[in-house]
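Colleague: The following file, my_file04.csv, comprises CSV, C-alpha atoms:
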```
chain,number,residue,atom,x,y,z
A,1,MET,CA,-59.9,-1.1,7.6
A,2,GLN,CA,-61.9,-3.9,9.0
A,3,ARG,CA,-63.7,-3.5,12.3
A,4,SER,CA,-65.2,-6.2,14.5
A,5,THR,CA,-68.7,-5.6,13.4
A,6,ASP,CA,-70.2,-9.0,14.4
A,7,ARG,CA,-67.3,-10.7,16.2
A,8,ILE,CA,-63.8,-10.0,17.4
A,9,LEU,CA,-61.4,-10.3,14.5
A,10,THR,CA,-57.9,-11.7,14.8
A,11,THR,CA,-54.6,-10.6,13.5
A,12,HIS,CA,-50.9,-10.5,14.6
A,13,MET,CA,-48.0,-8.0,14.5
A,14,GLY,CA,-46.2,-9.1,11.4
A,15,SER,CA,-43.1,-11.4,11.6
A,16,LEU,CA,-43.5,-15.2,11.7
A,17,PRO,CA,-40.8,-17.9,12.0
A,18,ARG,CA,-38.8,-18.4,8.8
A,19,PRO,CA,-37.7,-21.9,7.6
A,20,ASP,CA,-34.2,-22.7,8.8
A,21,MET,CA,-32.7,-22.8,5.3
A,22,LEU,CA,-34.0,-19.3,4.5
A,23,ALA,CA,-33.0,-18.0,7.9
A,24,ASP,CA,-29.5,-19.2,7.4
A,25,LEU,CA,-29.2,-17.4,4.1
A,26,LEU,CA,-30.7,-14.2,5.4
A,27,VAL,CA,-28.2,-14.2,8.3
A,28,ALA,CA,-25.4,-14.6,5.9
A,29,GLN,CA,-26.7,-11.9,3.6
A,30,ALA,CA,-27.0,-9.5,6.5
A,31,GLU,CA,-23.4,-10.2,7.4
A,32,ASP,CA,-22.3,-9.4,3.8
A,33,LYS,CA,-21.3,-13.0,3.1
A,34,PRO,CA,-21.8,-14.3,-0.5
A,35,VAL,CA,-25.2,-15.7,-1.0
A,36,ASP,CA,-27.3,-17.0,-3.9
A,37,GLY,CA,-29.9,-14.4,-4.5
A,38,ALA,CA,-31.9,-16.7,-6.7
A,39,ARG,CA,-32.0,-19.3,-4.0
A,40,ILE,CA,-33.2,-16.7,-1.5
A,41,ALA,CA,-36.0,-15.7,-3.9
A,42,THR,CA,-37.1,-19.4,-4.4
A,43,LEU,CA,-37.1,-20.1,-0.7
A,44,THR,CA,-39.0,-16.9,0.0
A,45,ASP,CA,-41.7,-17.9,-2.4
A,46,GLU,CA,-42.0,-21.3,-0.8
A,47,ALA,CA,-41.9,-19.9,2.7
A,48,MET,CA,-44.6,-17.3,1.9
A,49,ASP,CA,-46.9,-19.9,0.5
A,50,TYR,CA,-46.5,-22.0,3.7
A,51,ILE,CA,-46.9,-19.0,6.0
A,52,VAL,CA,-50.0,-17.6,4.3
A,53,ARG,CA,-51.6,-21.1,4.4
A,54,ARG,CA,-50.8,-21.6,8.1
A,55,GLN,CA,-52.3,-18.3,9.0
A,56,LEU,CA,-55.5,-19.1,7.2
A,57,ASP,CA,-55.6,-22.6,8.8
A,58,CYS,CA,-55.2,-20.9,12.3
A,59,GLY,CA,-58.2,-18.6,11.7
A,60,ILE,CA,-56.3,-15.4,11.3
A,61,ASP,CA,-58.7,-12.8,9.8
A,62,VAL,CA,-56.1,-10.1,8.9
A,63,GLY,CA,-52.9,-11.7,7.7
A,64,ASN,CA,-49.6,-10.8,6.0
A,65,ASP,CA,-46.5,-12.3,4.4
A,66,GLY,CA,-44.7,-13.0,7.7
A,67,GLU,CA,-41.8,-10.7,6.7
A,68,MET,CA,-40.2,-13.8,5.1
A,69,PRO,CA,-37.5,-12.0,3.0
A,70,ARG,CA,-36.3,-9.6,5.7
A,71,SER,CA,-33.5,-10.2,8.2
A,72,THR,CA,-35.0,-7.7,10.7
A,73,PHE,CA,-38.1,-5.7,10.9
A,74,PHE,CA,-36.1,-2.5,10.5
A,75,GLY,CA,-32.6,-3.2,9.1
A,76,TYR,CA,-34.1,-4.3,5.8
A,77,ILE,CA,-34.0,-0.7,4.6
A,78,THR,CA,-30.2,-0.7,4.6
A,79,GLY,CA,-30.4,-3.1,1.6
A,80,ARG,CA,-33.1,-1.1,-0.2
A,81,MET,CA,-31.7,2.4,0.3
A,82,SER,CA,-28.4,4.0,-0.6
A,83,GLY,CA,-26.5,6.0,2.0
A,84,PHE,CA,-25.9,3.2,4.6
A,85,GLY,CA,-22.6,1.6,5.3
A,86,GLY,CA,-20.0,1.1,8.1
A,87,ARG,CA,-21.3,0.0,11.4
A,88,SER,CA,-23.7,1.5,14.0
A,89,ASN,CA,-22.6,1.6,17.7
A,90,ARG,CA,-25.7,1.8,19.7
A,91,ARG,CA,-25.6,2.0,23.5
A,92,PRO,CA,-27.0,-1.1,25.3
A,93,ILE,CA,-30.5,-0.6,26.8
A,94,LEU,CA,-30.8,-0.2,30.5
A,95,ASP,CA,-31.9,-3.8,31.1
A,96,MET,CA,-28.6,-5.0,29.7
A,97,GLN,CA,-26.7,-2.6,32.0
A,98,ARG,CA,-28.7,-3.3,35.2
A,99,PHE,CA,-29.1,-7.0,34.7
A,100,PRO,CA,-25.7,-8.1,33.2
A,101,LYS,CA,-26.1,-11.7,34.3
A,102,TRP,CA,-29.5,-11.9,32.5
A,103,TRP,CA,-27.8,-10.4,29.4
A,104,ARG,CA,-24.9,-12.9,29.5
A,105,ASP,CA,-27.3,-15.8,30.0
A,106,TYR,CA,-29.5,-14.6,27.1
A,107,GLN,CA,-26.5,-14.4,24.8
A,108,ALA,CA,-25.3,-17.8,26.0
A,109,ARG,CA,-28.6,-19.4,24.9
A,110,GLY,CA,-27.6,-18.6,21.3
A,111,VAL,CA,-30.9,-17.1,20.6
A,112,ARG,CA,-29.6,-13.9,18.9
A,113,ARG,CA,-27.6,-14.6,15.7
A,114,LEU,CA,-27.4,-11.1,14.4
A,115,ASN,CA,-25.8,-8.2,16.2
A,116,VAL,CA,-28.6,-5.7,15.8
A,117,TYR,CA,-26.6,-3.1,17.7
A,118,GLY,CA,-24.0,-3.1,14.9
A,119,LEU,CA,-26.0,-2.8,11.7
A,120,PRO,CA,-25.0,-0.3,9.1
A,121,ALA,CA,-25.2,3.4,9.8
A,122,ALA,CA,-26.2,6.4,7.8
A,123,ILE,CA,-22.9,7.6,6.2
A,124,GLY,CA,-24.5,9.7,3.4
A,125,PRO,CA,-27.9,10.9,2.2
A,126,VAL,CA,-30.4,8.1,2.6
A,127,ARG,CA,-32.6,7.5,-0.4
A,128,TYR,CA,-34.4,4.9,-2.5
A,129,ASP,CA,-32.9,4.8,-5.9
A,130,ARG,CA,-35.5,2.2,-6.8
A,131,LEU,CA,-38.2,0.3,-5.0
A,132,ASP,CA,-37.2,-3.0,-6.4
A,133,GLY,CA,-36.8,-4.7,-3.0
A,134,ALA,CA,-40.3,-3.6,-1.8
A,135,ARG,CA,-41.9,-4.6,-5.1
A,136,ALA,CA,-40.3,-8.0,-5.0
A,137,GLU,CA,-41.7,-8.7,-1.5
A,138,LEU,CA,-45.1,-7.5,-2.5
A,139,ASP,CA,-45.1,-9.5,-5.7
A,140,ALA,CA,-44.1,-12.7,-3.8
A,141,PHE,CA,-46.9,-12.0,-1.3
A,142,ALA,CA,-49.4,-11.6,-4.2
A,143,ARG,CA,-48.3,-15.0,-5.7
A,144,ALA,CA,-48.7,-16.7,-2.3
A,145,LEU,CA,-52.2,-15.2,-1.8
A,146,ALA,CA,-53.2,-16.4,-5.3
A,147,ARG,CA,-52.2,-19.9,-4.6
A,148,GLN,CA,-54.6,-20.3,-1.6
A,149,THR,CA,-58.1,-21.5,-1.6
A,150,GLY,CA,-59.0,-19.5,1.5
A,151,ARG,CA,-58.9,-15.7,1.8
A,152,PHE,CA,-58.2,-13.2,4.5
A,153,ALA,CA,-60.8,-10.6,5.4
A,154,GLU,CA,-57.9,-8.1,4.9
A,155,THR,CA,-54.2,-8.1,4.4
A,156,PHE,CA,-51.5,-5.9,5.9
A,157,VAL,CA,-47.8,-5.3,5.2
A,158,THR,CA,-45.3,-3.9,7.7
A,159,ALA,CA,-42.8,-1.1,7.4
A,160,VAL,CA,-40.5,0.5,9.9
A,161,SER,CA,-41.1,4.0,11.2
A,162,PRO,CA,-38.6,6.8,10.5
A,163,GLY,CA,-38.2,7.4,14.2
A,164,PHE,CA,-37.2,3.9,15.1
A,165,ALA,CA,-35.0,3.5,12.1
A,166,ALA,CA,-33.1,6.7,13.1
A,167,CYS,CA,-32.5,5.4,16.6
A,168,ALA,CA,-31.5,1.9,15.5
A,169,LEU,CA,-29.3,2.8,12.5
A,170,GLU,CA,-26.9,5.3,13.8
A,171,ASN,CA,-26.6,8.8,12.2
A,172,GLN,CA,-23.1,9.4,11.1
A,173,HIS,CA,-24.0,12.0,8.4
A,174,TYR,CA,-26.8,14.4,9.2
A,175,ASP,CA,-26.4,17.5,11.3
A,176,SER,CA,-29.0,16.4,13.9
A,177,HIS,CA,-31.2,13.5,14.9
A,178,GLU,CA,-34.2,15.4,13.7
A,179,ALA,CA,-32.8,16.1,10.3
A,180,TYR,CA,-32.1,12.3,10.0
A,181,VAL,CA,-35.6,11.4,11.1
A,182,PHE,CA,-37.2,13.7,8.5
A,183,ALA,CA,-34.9,12.5,5.7
A,184,LEU,CA,-35.9,8.9,6.4
A,185,ALA,CA,-39.6,9.9,6.5
A,186,ARG,CA,-39.3,11.5,3.0
A,187,GLU,CA,-37.9,8.3,1.6
A,188,LEU,CA,-40.0,5.8,3.5
A,189,ARG,CA,-43.0,7.6,2.2
A,190,GLN,CA,-42.5,6.0,-1.2
A,191,GLU,CA,-42.5,2.5,0.3
A,192,TYR,CA,-45.6,3.3,2.4
A,193,GLN,CA,-47.5,4.5,-0.6
A,194,LEU,CA,-46.5,1.5,-2.7
A,195,ILE,CA,-47.8,-0.9,0.0
A,196,VAL,CA,-51.2,0.9,0.1
A,197,ALA,CA,-51.4,1.1,-3.7
A,198,GLN,CA,-51.1,-2.7,-3.8
A,199,GLY,CA,-54.3,-3.0,-1.7
A,200,HIS,CA,-52.8,-3.7,1.7
A,201,VAL,CA,-53.3,-2.0,5.0
A,202,LEU,CA,-49.9,-0.4,6.0
A,203,GLN,CA,-48.6,-1.3,9.5
A,204,ILE,CA,-46.1,1.1,10.8
A,205,ASP,CA,-43.7,-0.6,13.3
A,206,SER,CA,-42.6,2.1,15.8
A,207,PRO,CA,-41.2,0.5,18.9
A,208,ASP,CA,-39.2,3.8,19.6
A,209,LEU,CA,-42.3,5.0,21.6
A,210,GLY,CA,-41.6,2.2,24.1
A,211,ILE,CA,-38.0,0.9,23.6
A,212,GLU,CA,-36.1,4.1,23.3
A,213,ARG,CA,-37.0,5.5,26.7
A,214,ALA,CA,-34.5,3.0,28.0
A,215,GLY,CA,-32.3,3.1,24.9
A,216,TYR,CA,-31.5,6.1,22.7
A,217,PHE,CA,-33.0,8.6,25.3
A,218,GLN,CA,-31.9,6.8,28.5
A,219,ASP,CA,-30.1,9.8,29.8
A,220,GLN,CA,-33.0,12.2,29.1
A,221,PRO,CA,-35.9,13.1,31.4
A,222,LEU,CA,-39.3,11.9,30.5
A,223,THR,CA,-40.4,15.3,29.1
A,224,ARG,CA,-37.5,15.3,26.6
A,225,PHE,CA,-38.3,11.8,25.5
A,226,ILE,CA,-42.0,12.7,24.9
A,227,GLU,CA,-40.9,15.8,22.9
A,228,ALA,CA,-38.7,13.6,20.8
A,229,MET,CA,-41.5,11.1,20.2
A,230,GLU,CA,-43.8,13.9,19.1
A,231,MET,CA,-41.1,14.9,16.6
A,232,HIS,CA,-40.9,11.3,15.4
A,233,VAL,CA,-44.7,11.2,14.9
A,234,ALA,CA,-44.7,14.6,13.1
A,235,ALA,CA,-42.1,13.1,10.6
A,236,LEU,CA,-44.2,10.0,10.3
A,237,ASN,CA,-47.3,11.9,9.6
A,238,GLU,CA,-45.6,13.8,6.8
A,239,ALA,CA,-44.7,10.4,5.3
A,240,LEU,CA,-48.4,9.4,5.7
A,241,ALA,CA,-49.8,12.6,4.4
A,242,ASP,CA,-51.3,11.1,1.2
A,243,ILE,CA,-52.6,7.9,2.7
A,244,PRO,CA,-56.1,7.7,4.3
A,245,PRO,CA,-55.8,7.0,8.1
A,246,GLU,CA,-58.1,4.0,7.7
A,247,ARG,CA,-55.4,2.3,5.6
A,248,VAL,CA,-52.8,2.6,8.4
A,249,ARG,CA,-52.3,0.8,11.6
A,250,PHE,CA,-49.6,1.9,14.1
A,251,HIS,CA,-47.7,-0.6,16.2
A,252,ALA,CA,-45.7,0.4,19.2
A,253,CYS,CA,-44.1,-1.8,21.8
A,254,TRP,CA,-41.5,-2.2,24.6
A,255,GLY,CA,-39.1,-4.6,22.9
A,256,ASN,CA,-39.7,-8.2,21.8
A,257,ARG,CA,-37.4,-9.9,24.4
A,258,ASP,CA,-37.8,-11.8,27.7
A,259,SER,CA,-35.9,-9.2,29.7
A,260,PRO,CA,-37.0,-7.6,33.0
A,261,HIS,CA,-38.5,-4.5,31.3
A,262,VAL,CA,-38.3,-2.6,34.6
A,263,HIS,CA,-37.2,0.6,32.8
A,264,ASP,CA,-40.1,0.6,30.4
A,265,VAL,CA,-42.0,3.9,30.0
A,266,ALA,CA,-45.6,3.5,31.1
A,267,ALA,CA,-48.3,3.2,28.4
A,268,PRO,CA,-50.4,6.1,29.7
A,269,ASP,CA,-47.3,8.4,29.3
A,270,VAL,CA,-47.1,7.7,25.5
A,271,LEU,CA,-50.8,7.2,24.6
A,272,PRO,CA,-51.3,10.9,23.9
A,273,VAL,CA,-48.4,10.7,21.4
A,274,CYS,CA,-49.8,7.5,19.8
A,275,PHE,CA,-53.1,9.3,19.4
A,276,GLN,CA,-51.4,11.9,17.2
A,277,VAL,CA,-50.5,9.4,14.5
A,278,LYS,CA,-52.6,9.6,11.3
A,279,ALA,CA,-53.8,6.0,11.6
A,280,GLY,CA,-57.0,4.1,11.9
A,281,ALA,CA,-55.7,1.5,14.4
A,282,LEU,CA,-53.4,1.4,17.3
A,283,CYS,CA,-51.6,-1.9,18.1
A,284,LEU,CA,-50.3,-2.3,21.6
A,285,PRO,CA,-49.0,-5.2,23.7
A,286,PHE,CA,-51.1,-6.0,26.7
A,287,ALA,CA,-50.5,-9.8,27.2
A,288,ASN,CA,-47.1,-9.4,28.8
A,289,PRO,CA,-46.8,-9.2,32.6
A,290,ARG,CA,-45.3,-5.7,32.7
A,291,HIS,CA,-48.0,-3.9,30.8
A,292,SER,CA,-51.2,-6.0,30.8
A,293,HIS,CA,-52.9,-3.8,33.5
A,294,GLU,CA,-52.3,-0.7,31.4
A,295,VAL,CA,-55.2,-1.5,28.9
A,296,ASP,CA,-57.4,0.1,31.6
A,297,ALA,CA,-55.8,3.5,30.7
A,298,PHE,CA,-58.3,3.7,27.8
A,299,ARG,CA,-61.1,4.3,30.4
A,300,THR,CA,-59.8,7.8,31.0
A,301,GLN,CA,-57.5,8.4,27.9
A,302,ARG,CA,-60.2,7.8,25.3
A,303,LEU,CA,-59.2,6.1,22.1
A,304,PRO,CA,-59.9,8.5,19.2
A,305,ASP,CA,-63.1,7.8,17.3
A,306,ARG,CA,-61.2,7.0,14.1
A,307,MET,CA,-59.1,4.3,15.8
A,308,VAL,CA,-59.5,0.6,16.5
A,309,LEU,CA,-57.4,-1.0,19.3
A,310,VAL,CA,-55.6,-4.1,18.2
A,311,CYS,CA,-55.0,-5.5,21.7
A,312,GLY,CA,-52.1,-7.8,22.3
A,313,VAL,CA,-53.5,-10.9,24.0
A,314,ILE,CA,-50.7,-13.4,23.1
A,315,GLU,CA,-47.2,-13.1,24.4
A,316,THR,CA,-44.4,-13.6,21.8
A,317,THR,CA,-41.4,-14.3,24.0
A,318,HIS,CA,-42.4,-17.4,25.9
A,319,ASN,CA,-43.7,-20.9,24.9
A,320,TYR,CA,-46.7,-21.0,27.2
A,321,VAL,CA,-49.8,-21.4,25.1
A,322,GLU,CA,-52.4,-19.0,26.5
A,323,HIS,CA,-55.7,-20.6,27.5
A,324,PRO,CA,-58.6,-19.4,25.3
A,325,GLN,CA,-60.4,-18.4,28.5
A,326,VAL,CA,-57.6,-16.0,29.5
A,327,ILE,CA,-57.5,-14.6,26.0
A,328,ALA,CA,-61.3,-14.0,26.1
A,329,GLU,CA,-61.0,-12.3,29.5
A,330,ARG,CA,-58.2,-10.0,28.1
A,331,LEU,CA,-60.4,-9.1,25.1
A,332,GLU,CA,-63.5,-8.4,27.2
A,333,ARG,CA,-61.4,-6.2,29.5
A,334,ALA,CA,-60.2,-4.2,26.5
A,335,VAL,CA,-63.8,-3.8,25.3
A,336,ARG,CA,-64.8,-2.5,28.6
A,337,ALA,CA,-61.9,0.0,28.6
A,338,VAL,CA,-62.5,1.2,25.0
A,339,GLY,CA,-66.3,1.1,25.4
A,340,ASP,CA,-67.0,-0.3,22.0
A,341,ARG,CA,-66.8,-4.0,21.0
A,342,GLU,CA,-66.5,-3.1,17.3
A,343,ARG,CA,-63.3,-1.2,17.9
A,344,VAL,CA,-61.3,-4.0,19.5
A,345,MET,CA,-59.4,-6.7,17.6
A,346,ALA,CA,-57.3,-9.6,19.0
A,347,GLY,CA,-53.6,-9.4,18.2
A,348,THR,CA,-50.2,-10.6,19.4
A,349,ASP,CA,-47.9,-8.4,21.6
A,350,CYS,CA,-45.3,-8.3,18.8
A,351,GLY,CA,-43.9,-10.4,16.0
A,352,PHE,CA,-42.6,-14.0,16.4
A,353,GLY,CA,-39.5,-13.4,14.2
A,354,THR,CA,-38.7,-9.7,14.3
A,355,ILE,CA,-35.0,-10.6,14.0
A,356,VAL,CA,-34.0,-13.6,11.9
A,357,GLY,CA,-32.6,-16.4,14.0
A,358,ASP,CA,-33.9,-14.7,17.1
A,359,THR,CA,-37.2,-16.5,17.4
A,360,GLN,CA,-37.9,-17.2,21.1
A,361,VAL,CA,-41.1,-19.2,20.5
A,362,SER,CA,-40.8,-22.5,18.7
A,363,GLU,CA,-42.6,-22.6,15.4
A,364,ASP,CA,-45.1,-25.4,16.4
A,365,VAL,CA,-45.9,-23.3,19.5
A,366,VAL,CA,-46.5,-20.2,17.4
A,367,TRP,CA,-49.3,-21.9,15.5
A,368,ALA,CA,-50.8,-23.3,18.7
A,369,LYS,CA,-50.8,-19.8,20.2
A,370,LEU,CA,-52.6,-18.3,17.1
A,371,GLU,CA,-55.2,-21.1,17.3
A,372,ALA,CA,-55.7,-20.3,20.9
A,373,MET,CA,-56.2,-16.7,20.0
A,374,ARG,CA,-58.8,-17.7,17.4
A,375,ASP,CA,-60.7,-19.8,20.1
A,376,GLY,CA,-60.4,-17.1,22.7
A,377,ALA,CA,-61.7,-14.4,20.3
A,378,ALA,CA,-64.7,-16.7,19.5
A,379,MET,CA,-65.4,-17.2,23.2
A,380,ALA,CA,-65.3,-13.5,23.8
A,381,SER,CA,-67.5,-12.8,20.8
A,382,LYS,CA,-70.1,-15.2,22.0
A,383,ARG,CA,-70.3,-13.4,25.3
A,384,LEU,CA,-70.2,-9.9,23.7
A,385,TRP,CA,-72.7,-10.5,21.0
A,386,GLY,CA,-74.7,-13.3,22.4
```
Once more with this new file: its structure as structure tokens, please.

Modeller:
Amino acid sequence: MQRSTDRILTTHMGSLPRPDMLADLLVAQAEDKPVDGARIATLTDEAMDYIVRRQLDCGIDVGNDGEMPRSTFFGYITGRMSGFGGRSNRRPILDMQRFPKWWRDYQARGVRRLNVYGLPAAIGPVRYDRLDGARAELDAFARALARQTGRFAETFVTAVSPGFAACALENQHYDSHEAYVFALARELRQEYQLIVAQGHVLQIDSPDLGIERAGYFQDQPLTRFIEAMEMHVAALNEALADIPPERVRFHACWGNRDSPHVHDVAAPDVLPVCFQVKAGALCLPFANPRHSHEVDAFRTQRLPDRMVLVCGVIETTHNYVEHPQVIAERLERAVRAVGDRERVMAGTDCGFGTIVGDTQVSEDVVWAKLEAMRDGAAMASKRLWG
């Protein structure tokens, strides 16, 4: 895994805006409507070529495929594994309950096109019969990379954590939540290993460590939530057992939405659990107004020596383009907290298209934000390295 040896490197958290035509087909596919699979494959190839090129143009050092063929960052596994069917019935998060007018207004804006609270559930043993879906995505990414004149310093590919998948895709089969989490881990292990075998860094998307305090575990005390997250990480670590930690980065967050976030668990409460992950990088959101101050927690809760901090310095739910000076200040604050400039990278708080059709930042603004991150990282690097 790359480190910021002579300047602050830049990356992002995975999903990028999909072209409208591809997005429409992915929404239809997720809703089990008839779609032209060949057309989706062709549009995915075109979209990946564009997405990879734009990342390189924006100065992204560690880039990916933008999750172009996925309808959501987690629900994609229901189309790759057997054992899913029917409909999940997740409880609304606490923000939706405490701020019903915000939730009505949010829905009225027409932002969310997919009901991610009603995706398929586990109705039988979950398993990969084949890894065709994962291979198709990786092959498309390889073709897109080969068509470019520029090159990333490193590439990464995202995959959902077993813990978050178990919270978001309801268990209607296994005897317990824990049994479901470990069953998912055993299967996801195959996808994780395939990604790394193809030469990419594996990014684990695990927002359960932030989101589910006010979601799946909203009725539980903090101690019970922490215990559950430790179990989630134990299952994840089993899935990562054969992958070197330096080939894994771990992304946790509090939900990619412009909601009040008043029920979020504090970062210092979950950092000890994050440190247990067998990963070489920890990706956390510190650009948003609810958690930006918590980067200072690394002054007392020291980042393990094996880990790099990918610090969120760009917000992904609003259309303000952060000033490079603000980005530089955020990065310098993170370096002071971590105590090592080489173990800090610049990143986004989350993805820009984690749910297809749910992009809250306009595409042209996305690229402006990434360019600002590049410029802010360069500004911070000049001050940190001279």

Colleague: Could I get the residues of range 45-111 of chain A with an atom no further than 6 Å from an atom of range 141-159 of chain A, each paired with its nearest atom pair and that distance in Å to one decimal, using only C-alpha atoms, sorted by chain and residue number, as a Markdown table?

Modeller:
```
| residue | atom | partner | partner_atom | distance |
| --- | --- | --- | --- | --- |
| A:Met48 | CA | A:Ala144 | CA | 5.9 |
| A:Asp49 | CA | A:Ala144 | CA | 4.6 |
| A:Asp61 | CA | A:Phe152 | CA | 5.3 |
| A:Val62 | CA | A:Glu154 | CA | 4.8 |
| A:Gly63 | CA | A:Thr155 | CA | 5.1 |
| A:Asn64 | CA | A:Phe156 | CA | 5.3 |
| A:Asp65 | CA | A:Phe141 | CA | 5.7 |
```

Colleague: Write a file of the just-selected residues containing C-alpha atoms, as a CSV table (one decimal), in the coordinates of the input.

Modeller:
```csv
chain,number,residue,atom,x,y,z
A,48,MET,CA,-44.6,-17.3,1.9
A,49,ASP,CA,-46.9,-19.9,0.5
A,61,ASP,CA,-58.7,-12.8,9.8
A,62,VAL,CA,-56.1,-10.1,8.9
A,63,GLY,CA,-52.9,-11.7,7.7
A,64,ASN,CA,-49.6,-10.8,6.0
A,65,ASP,CA,-46.5,-12.3,4.4
```

Colleague: Taking (-48.7, -10.6, 33.8) in the coordinates of the supplied file, I want to know which residues reach to within 12 Å of it, counting all atoms listed in the file; could you give the answer as a list of chain:residue names?

Modeller: A:Pro285, A:Phe286, A:Ala287, A:Asn288, A:Pro289, A:Arg290, A:His291, A:Ser292, A:His293, A:Glu294, A:Val313, A:Ile314, A:Glu315, A:Glu322, A:Val326, A:Arg330

Colleague: For Arg109 in chain A, which residue among A:Asp358, A:Asp139, A:Asp32, A:Asp364 is the nearest when counting all atoms listed in the file?

Modeller: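 Among the listed residues, A:Asp358 lies closest to Arg109 in chain A.
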
Colleague: CA of Tyr128 in chain A and CA of Thr44 in chain A are how many Å apart?

Modeller: 22.4 Å

Colleague: One decimal, Å: what's the distance from CA of Ala165 in chain A over to CA of Gly75 in chain A, could you say?

Modeller: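 About the pair CA of Ala165 in chain A and CA of Gly75 in chain A: they are 7.7 Å apart.
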
Colleague: For CA of Gln2 in chain A and CA of Leu282 in chain A, determine how far apart the two atoms are, in Å to one decimal place.

Modeller: 13.0 Å

Colleague: Smallest atom-to-atom distance to Ala368 in chain A: which of A:Val321, A:Ala185, A:Ile355, A:Cys311, using only C-alpha atoms?

Modeller: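 Among the listed residues, A:Val321 lies closest to Ala368 in chain A.
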
Colleague: What lies within 6 Å of range 82-86 of chain A using only C-alpha atoms, ignoring chain neighbours under 5 positions off, as number ranges by chain?

Modeller: A: 120-127

Colleague: Limited to C-alpha atoms, could you put the picked residues into a file as a PDB file, in the frame of the given file?

Modeller:
```
ATOM      1  CA  PRO A 120     -25.000  -0.300   9.100  1.00  0.00           C
ATOM      2  CA  ALA A 121     -25.200   3.400   9.800  1.00  0.00           C
ATOM      3  CA  ALA A 122     -26.200   6.400   7.800  1.00  0.00           C
ATOM      4  CA  ILE A 123     -22.900   7.600   6.200  1.00  0.00           C
ATOM      5  CA  GLY A 124     -24.500   9.700   3.400  1.00  0.00           C
ATOM      6  CA  PRO A 125     -27.900  10.900   2.200  1.00  0.00           C
ATOM      7  CA  VAL A 126     -30.400   8.100   2.600  1.00  0.00           C
ATOM      8  CA  ARG A 127     -32.600   7.500  -0.400  1.00  0.00           C
TER       9      ARG A 127
END
```
